[in-house]
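Reading through the structure tokens given below for one structure.
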Amino acid sequence: MRNSEEGLRGRVAVVTGGASGIGLAISEAFSETGARVAIFDLDEEAGRRVASGLDGARAFQVDVSDSASVCAARDAVESDLGPIESWVNNAGISDPELARRVAAAGSVQGAGPGAIPTSSLRLVDDEMWSRMLRVHLDGTFFGTRAAAEVMAPRGRGTITNMASICGLVGCATAPHYSAAKGGILAFTKAVAKELAASGVRVNAIAPGHVETPLLTLGEAARRRLEEDTPAGRLGLPEEVAAAAVFLASERAGYFVGATLTPTGGLVTV
Ligand code: NAD
């Protein structure tokens with residue numbers, strides 16, 4: 001099936017975090033199918049820049065962790081572009097400050113038989129924890145609810161939530177990110193079961209390590225990751241975007257509450 005035959009031509013697709021990295025690749029991939037893309041991003045300027053290069057696309061400044069902001073943009077899309085058929089909850093953040101604290105703490109706390117491995121748990125403060133959950137988990141909930149409110153009465157639509165391998169297997173030094181992504185996976189499965197009967201399909205993607213501005217790796221860490229990954233390299237944003245377009249397409253009609261895992265074999269589930 002060629003891009004133009006995905007069944008998305010002329011349809012309206014919302015992509016949160018669509019101004020950078022994986023979201024940018026998803027916006028481009030949807031646009032290639034002939035869909036009209038609404039980019040919801042905190043970074044207004046980057047959103048506008050991306051939208052200006054895509055046929056029929058529009059950018060909206062949205063904070064996904066603020067439900068009023070999400071609903072206002074949803075309503076603007078529905079009146080300006082038409083009924084929303086696909087919605088990808090992709091916006092996300094990393095936590096460079098925690099990475100800095102972990103690096104500064106070294107690999108062990110104390111020395112000798114009583115030494116304990118450095119636990120990032122003690123380095124995550126309350127605000128780091130809740131910010132991570134607000135953007136990823138609250139953001140996915142607000143986006144899913146806003147999408148379902150308009151899709152379910154029409155009896156059609158797809159919602160795709162961006163998780164991560166950290167949500168599948170847990171990533172050391174990222175307990176809050178892992179918790180948020182694991183929560184997204186469980187949430188996706190729960191609402192997928194509820195919404196399937198109203199013609200709305202909800203699924204998730206749990207990528208491995210992907211070359212985007214979010215992934216900041218030193219040379220040694222990058223080499224280690226490439227060696228550990230059976231594919232021998234990190235993933236590309238367009239390889240994740242292909243999964244997002246597939247899940248939104250009519251070909252994916254029997255995918256309900258599923259998790260697609262483009263990981264290069266790093267995690268196989
Ligand atoms: P990125 O930093 O390149 O892009 C994230 C985008 O989200 C940015 O445009 C940013 O402005 C936007 N954003 C951040 N907070 C927002 C908010 N509150 N409201 C609206 N927009 C907001 O990152 P990426 O690597 O493309 O990540 C996209 C998604 O993929 C994230 O959910 C991330 O957790 C997930 N993911 C990334 C990787 C990876 O290795 N890059 C792996 C697995 C999962």
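Simple scheme: letters A, B, ... for chains in structure tokens order, numbers from 1 for residues in each chain, numbers from 1 for ligands in the order shown.
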I'd like a table as a Markdown table: residues in chain A with an atom no more than 6 Å from ligand 1, each row giving the shortest atom pair and its distance in Å to one decimal, only C-alpha atoms and all ligand atoms counted, sorted by chain and rising residue number.
| residue | atom | partner | partner_atom_place_in_ligand_line | distance |
| --- | --- | --- | --- | --- |
| A:Thr16 | CA | ligand 1 | 21 (N) | 6.0 |
| A:Gly17 | CA | ligand 1 | 7 (O) | 3.4 |
| A:Gly18 | CA | ligand 1 | 9 (O) | 5.8 |
| A:Ala19 | CA | ligand 1 | 9 (O) | 4.3 |
| A:Ser20 | CA | ligand 1 | 9 (O) | 4.1 |
| A:Gly21 | CA | ligand 1 | 26 (O) | 3.4 |
| A:Ile22 | CA | ligand 1 | 26 (O) | 3.7 |
| A:Gly23 | CA | ligand 1 | 26 (O) | 5.4 |
| A:Asp41 | CA | ligand 1 | 21 (N) | 3.8 |
| A:Leu42 | CA | ligand 1 | 20 (C) | 4.1 |
| A:Asp43 | CA | ligand 1 | 11 (O) | 4.7 |
| A:Val62 | CA | ligand 1 | 20 (C) | 5.3 |
| A:Asp63 | CA | ligand 1 | 19 (N) | 3.5 |
| A:Val64 | CA | ligand 1 | 19 (N) | 4.0 |
| A:Ser65 | CA | ligand 1 | 18 (N) | 5.3 |
| A:Asn90 | CA | ligand 1 | 32 (O) | 4.6 |
| A:Ala91 | CA | ligand 1 | 7 (O) | 3.8 |
| A:Gly92 | CA | ligand 1 | 32 (O) | 3.7 |
| A:Ile93 | CA | ligand 1 | 14 (C) | 5.3 |
| A:Val135 | CA | ligand 1 | 18 (N) | 5.1 |
| A:Met162 | CA | ligand 1 | 32 (O) | 5.3 |
| A:Ala163 | CA | ligand 1 | 44 (C) | 5.6 |
| A:Ser164 | CA | ligand 1 | 43 (C) | 4.1 |
| A:Pro207 | CA | ligand 1 | 43 (C) | 4.5 |
| A:Gly208 | CA | ligand 1 | 42 (C) | 5.1 |
| A:His209 | CA | ligand 1 | 40 (O) | 3.6 |
| A:Val210 | CA | ligand 1 | 40 (O) | 3.6 |
| A:Glu211 | CA | ligand 1 | 41 (N) | 5.7 |
| A:Thr212 | CA | ligand 1 | 25 (O) | 4.7 |
| A:Pro213 | CA | ligand 1 | 3 (O) | 4.5 |
| A:Leu214 | CA | ligand 1 | 2 (O) | 4.0 |
| A:Leu215 | CA | ligand 1 | 41 (N) | 5.1 |
For Ala231 of chain A, find every residue with an atom within 12 Å (counting only C-alpha atoms), except residues of its own chain fewer than 6 positions away, and show them as a VMD selection string.
chain A and resid 208 to 209 225 262 to 267
Could you check how far atom CA of Arg100 of chain A sits from atom CA of Asp138 of chain A, in Å to one decimal?
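Separation of atom CA of Arg100 of chain A and atom CA of Asp138 of chain A: 25.4 Å.
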What does the structure give for the distance between atom CA of Ala190 of chain A and atom CA of Gly7 of chain A, in Å to one decimal?
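Computing it gives 26.5 Å between the two atoms.
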Which residues are near Arg11 of chain A? Cut-off 12 Å, only C-alpha atoms, ignore same chain within fewer than 2 positions. Put them as a PyMOL selection string.
chain A and resi 4+6-9+13-14+30-38+56-57+77-78+81-87+156-158+248-249
Residues flagged helix (DSSP H, G or I) by DSSP in segment 194-245 of chain A, as a ChimeraX atom specification
/A:194-198,219-228,237-245
Spatial neighbours of Arg74 of chain A, max dist 8 Å, only C-alpha atoms, sep filter under 4 positions, as a compact mmCIF listing (two decimals) with N, CA and C atoms, in the first residue's frame:
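And here is the file that came out, selection.txt:
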# COMPACT_ATOMS: atom_id res chain seq x y z
N VAL A 70 -5.31 21.86 26.24
CA VAL A 70 -5.54 20.76 25.28
C VAL A 70 -6.94 20.88 24.67
N GLU A 78 -11.12 21.42 15.50
CA GLU A 78 -12.40 20.93 14.98
C GLU A 78 -13.12 22.01 14.18
N ALA A 146 -9.68 14.16 25.58
CA ALA A 146 -10.13 15.20 24.64
C ALA A 146 -10.45 14.60 23.27
N ALA A 147 -9.62 13.64 22.85
CA ALA A 147 -9.84 13.00 21.55
C ALA A 147 -11.09 12.14 21.59
Distance in Å - atom CA of Asp228 of chain A versus atom CA of Cys171 of chain A:
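Computing the Euclidean distance for atom CA of Asp228 of chain A and atom CA of Cys171 of chain A yields 14.4 Å.
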Can you list every residue in segment 36-243 of chain A that DSSP puts in strand (DSSP E or B), as a ChimeraX atom specification?
/A:36-41,58-61,84-89,108-109,116-117,157-162,200-205,210,235
Just to be explicit: take each residue in the selection above, keep N, CA, C and O atoms, and write the result as a short mmCIF file (atom, residue, chain, number, x, y, z; two decimals), in the first residue's frame.
data_model
loop_
_atom_site.label_atom_id
_atom_site.label_comp_id
_atom_site.auth_asym_id
_atom_site.auth_seq_id
_atom_site.Cartn_x
_atom_site.Cartn_y
_atom_site.Cartn_z
N ARG A 36 -4.18 16.26 7.01
CA ARG A 36 -3.90 17.62 7.48
C ARG A 36 -3.54 17.55 8.95
O ARG A 36 -4.31 17.01 9.75
N VAL A 37 -2.34 18.04 9.26
CA VAL A 37 -1.78 17.81 10.60
C VAL A 37 -1.94 19.05 11.48
O VAL A 37 -1.65 20.18 11.05
N ALA A 38 -2.39 18.84 12.72
CA ALA A 38 -2.42 19.90 13.73
C ALA A 38 -1.33 19.59 14.74
O ALA A 38 -1.38 18.57 15.43
N ILE A 39 -0.32 20.47 14.77
CA ILE A 39 0.81 20.26 15.68
C ILE A 39 0.52 20.96 17.00
O ILE A 39 0.30 22.18 17.03
N PHE A 40 0.47 20.19 18.09
CA PHE A 40 0.28 20.75 19.43
C PHE A 40 1.63 20.73 20.12
O PHE A 40 2.11 19.65 20.50
N ASP A 41 2.24 21.88 20.31
CA ASP A 41 3.56 21.89 20.95
C ASP A 41 3.69 23.11 21.85
O ASP A 41 3.14 24.17 21.56
N ARG A 58 -1.34 23.04 10.59
CA ARG A 58 -1.47 24.21 11.47
C ARG A 58 -0.78 23.91 12.79
O ARG A 58 -0.75 22.75 13.22
N ALA A 59 -0.23 24.95 13.40
CA ALA A 59 0.43 24.76 14.70
C ALA A 59 -0.39 25.45 15.79
O ALA A 59 -0.96 26.52 15.57
N PHE A 60 -0.44 24.83 16.95
CA PHE A 60 -1.14 25.39 18.11
C PHE A 60 -0.22 25.33 19.31
O PHE A 60 0.40 24.28 19.54
N GLN A 61 -0.12 26.43 20.05
CA GLN A 61 0.71 26.35 21.26
C GLN A 61 -0.11 25.68 22.36
O GLN A 61 -1.17 26.19 22.76
N ILE A 84 -11.50 15.63 13.92
CA ILE A 84 -10.21 14.96 14.16
C ILE A 84 -10.42 13.45 14.06
O ILE A 84 -11.28 12.88 14.72
N GLU A 85 -9.58 12.83 13.23
CA GLU A 85 -9.70 11.37 13.03
C GLU A 85 -8.59 10.60 13.72
O GLU A 85 -8.74 9.43 14.04
N SER A 86 -7.40 11.25 13.87
CA SER A 86 -6.26 10.57 14.50
C SER A 86 -5.64 11.53 15.50
O SER A 86 -5.56 12.73 15.24
N TRP A 87 -5.16 10.95 16.61
CA TRP A 87 -4.55 11.79 17.65
C TRP A 87 -3.37 11.02 18.21
O TRP A 87 -3.53 9.88 18.66
N VAL A 88 -2.18 11.61 18.15
CA VAL A 88 -0.99 10.95 18.68
C VAL A 88 -0.50 11.73 19.90
O VAL A 88 -0.10 12.89 19.79
N ASN A 89 -0.55 11.09 21.07
CA ASN A 89 -0.02 11.69 22.31
C ASN A 89 1.46 11.35 22.39
O ASN A 89 1.83 10.26 22.84
N VAL A 108 28.70 4.32 43.43
CA VAL A 108 28.33 3.72 44.72
C VAL A 108 28.19 4.78 45.79
O VAL A 108 28.79 5.86 45.70
N GLN A 109 27.39 4.51 46.76
CA GLN A 109 27.28 5.38 47.93
C GLN A 109 28.05 4.69 49.05
O GLN A 109 27.72 3.56 49.40
N ILE A 116 26.17 0.82 49.13
CA ILE A 116 24.96 0.54 48.35
C ILE A 116 25.09 1.21 46.98
O ILE A 116 25.68 2.27 46.86
N PRO A 117 24.54 0.56 45.96
CA PRO A 117 24.62 1.17 44.63
C PRO A 117 23.93 2.53 44.65
O PRO A 117 22.96 2.72 45.37
N GLY A 157 -12.19 6.81 14.87
CA GLY A 157 -11.00 7.56 15.25
C GLY A 157 -9.92 6.65 15.80
O GLY A 157 -10.18 5.49 16.15
N THR A 158 -8.69 7.16 15.82
CA THR A 158 -7.58 6.41 16.41
C THR A 158 -6.79 7.31 17.35
O THR A 158 -6.60 8.50 17.07
N ILE A 159 -6.33 6.72 18.44
CA ILE A 159 -5.50 7.43 19.41
C ILE A 159 -4.25 6.57 19.62
O ILE A 159 -4.36 5.36 19.86
N THR A 160 -3.09 7.18 19.50
CA THR A 160 -1.83 6.43 19.66
C THR A 160 -0.98 7.13 20.71
O THR A 160 -0.75 8.34 20.62
N ASN A 161 -0.54 6.37 21.70
CA ASN A 161 0.20 6.95 22.82
C ASN A 161 1.67 6.53 22.79
O ASN A 161 1.97 5.34 22.62
N MET A 162 2.56 7.50 22.97
CA MET A 162 3.99 7.21 22.89
C MET A 162 4.51 6.81 24.27
O MET A 162 4.56 7.62 25.19
N VAL A 200 -13.43 3.59 18.29
CA VAL A 200 -12.17 4.33 18.48
C VAL A 200 -11.10 3.33 18.92
O VAL A 200 -11.25 2.64 19.92
N ARG A 201 -10.02 3.25 18.13
CA ARG A 201 -8.92 2.33 18.47
C ARG A 201 -7.81 3.07 19.19
O ARG A 201 -7.37 4.11 18.73
N VAL A 202 -7.38 2.52 20.31
CA VAL A 202 -6.29 3.13 21.09
C VAL A 202 -5.15 2.13 21.18
O VAL A 202 -5.36 0.96 21.52
N ASN A 203 -3.94 2.58 20.84
CA ASN A 203 -2.75 1.70 20.86
C ASN A 203 -1.55 2.50 21.35
O ASN A 203 -1.61 3.72 21.52
N ALA A 204 -0.45 1.79 21.55
CA ALA A 204 0.77 2.46 22.05
C ALA A 204 1.97 2.04 21.22
O ALA A 204 1.97 1.00 20.55
N ILE A 205 3.00 2.88 21.29
CA ILE A 205 4.30 2.56 20.69
C ILE A 205 5.34 2.68 21.81
O ILE A 205 5.32 3.67 22.56
N VAL A 210 16.20 6.42 20.27
CA VAL A 210 15.98 7.02 18.96
C VAL A 210 16.75 8.34 18.88
O VAL A 210 16.77 9.12 19.84
N GLY A 235 17.73 4.00 16.78
CA GLY A 235 16.63 4.10 15.83
C GLY A 235 16.52 5.49 15.23
O GLY A 235 17.09 6.46 15.75
#
Proximity to Pro175 of chain A - best of A:Asp75, A:Asp95, A:Glu45, A:Glu227, only C-alpha atoms:
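Result for the nearest residue to Pro175 of chain A: A:Asp95.
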Pick the closest to Val12 of chain A from A:Leu123, A:Ala46, A:Met151, A:Ala72: which is it, counting only C-alpha atoms?
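Ranked by minimum distance to Val12 of chain A, first place goes to A:Met151.
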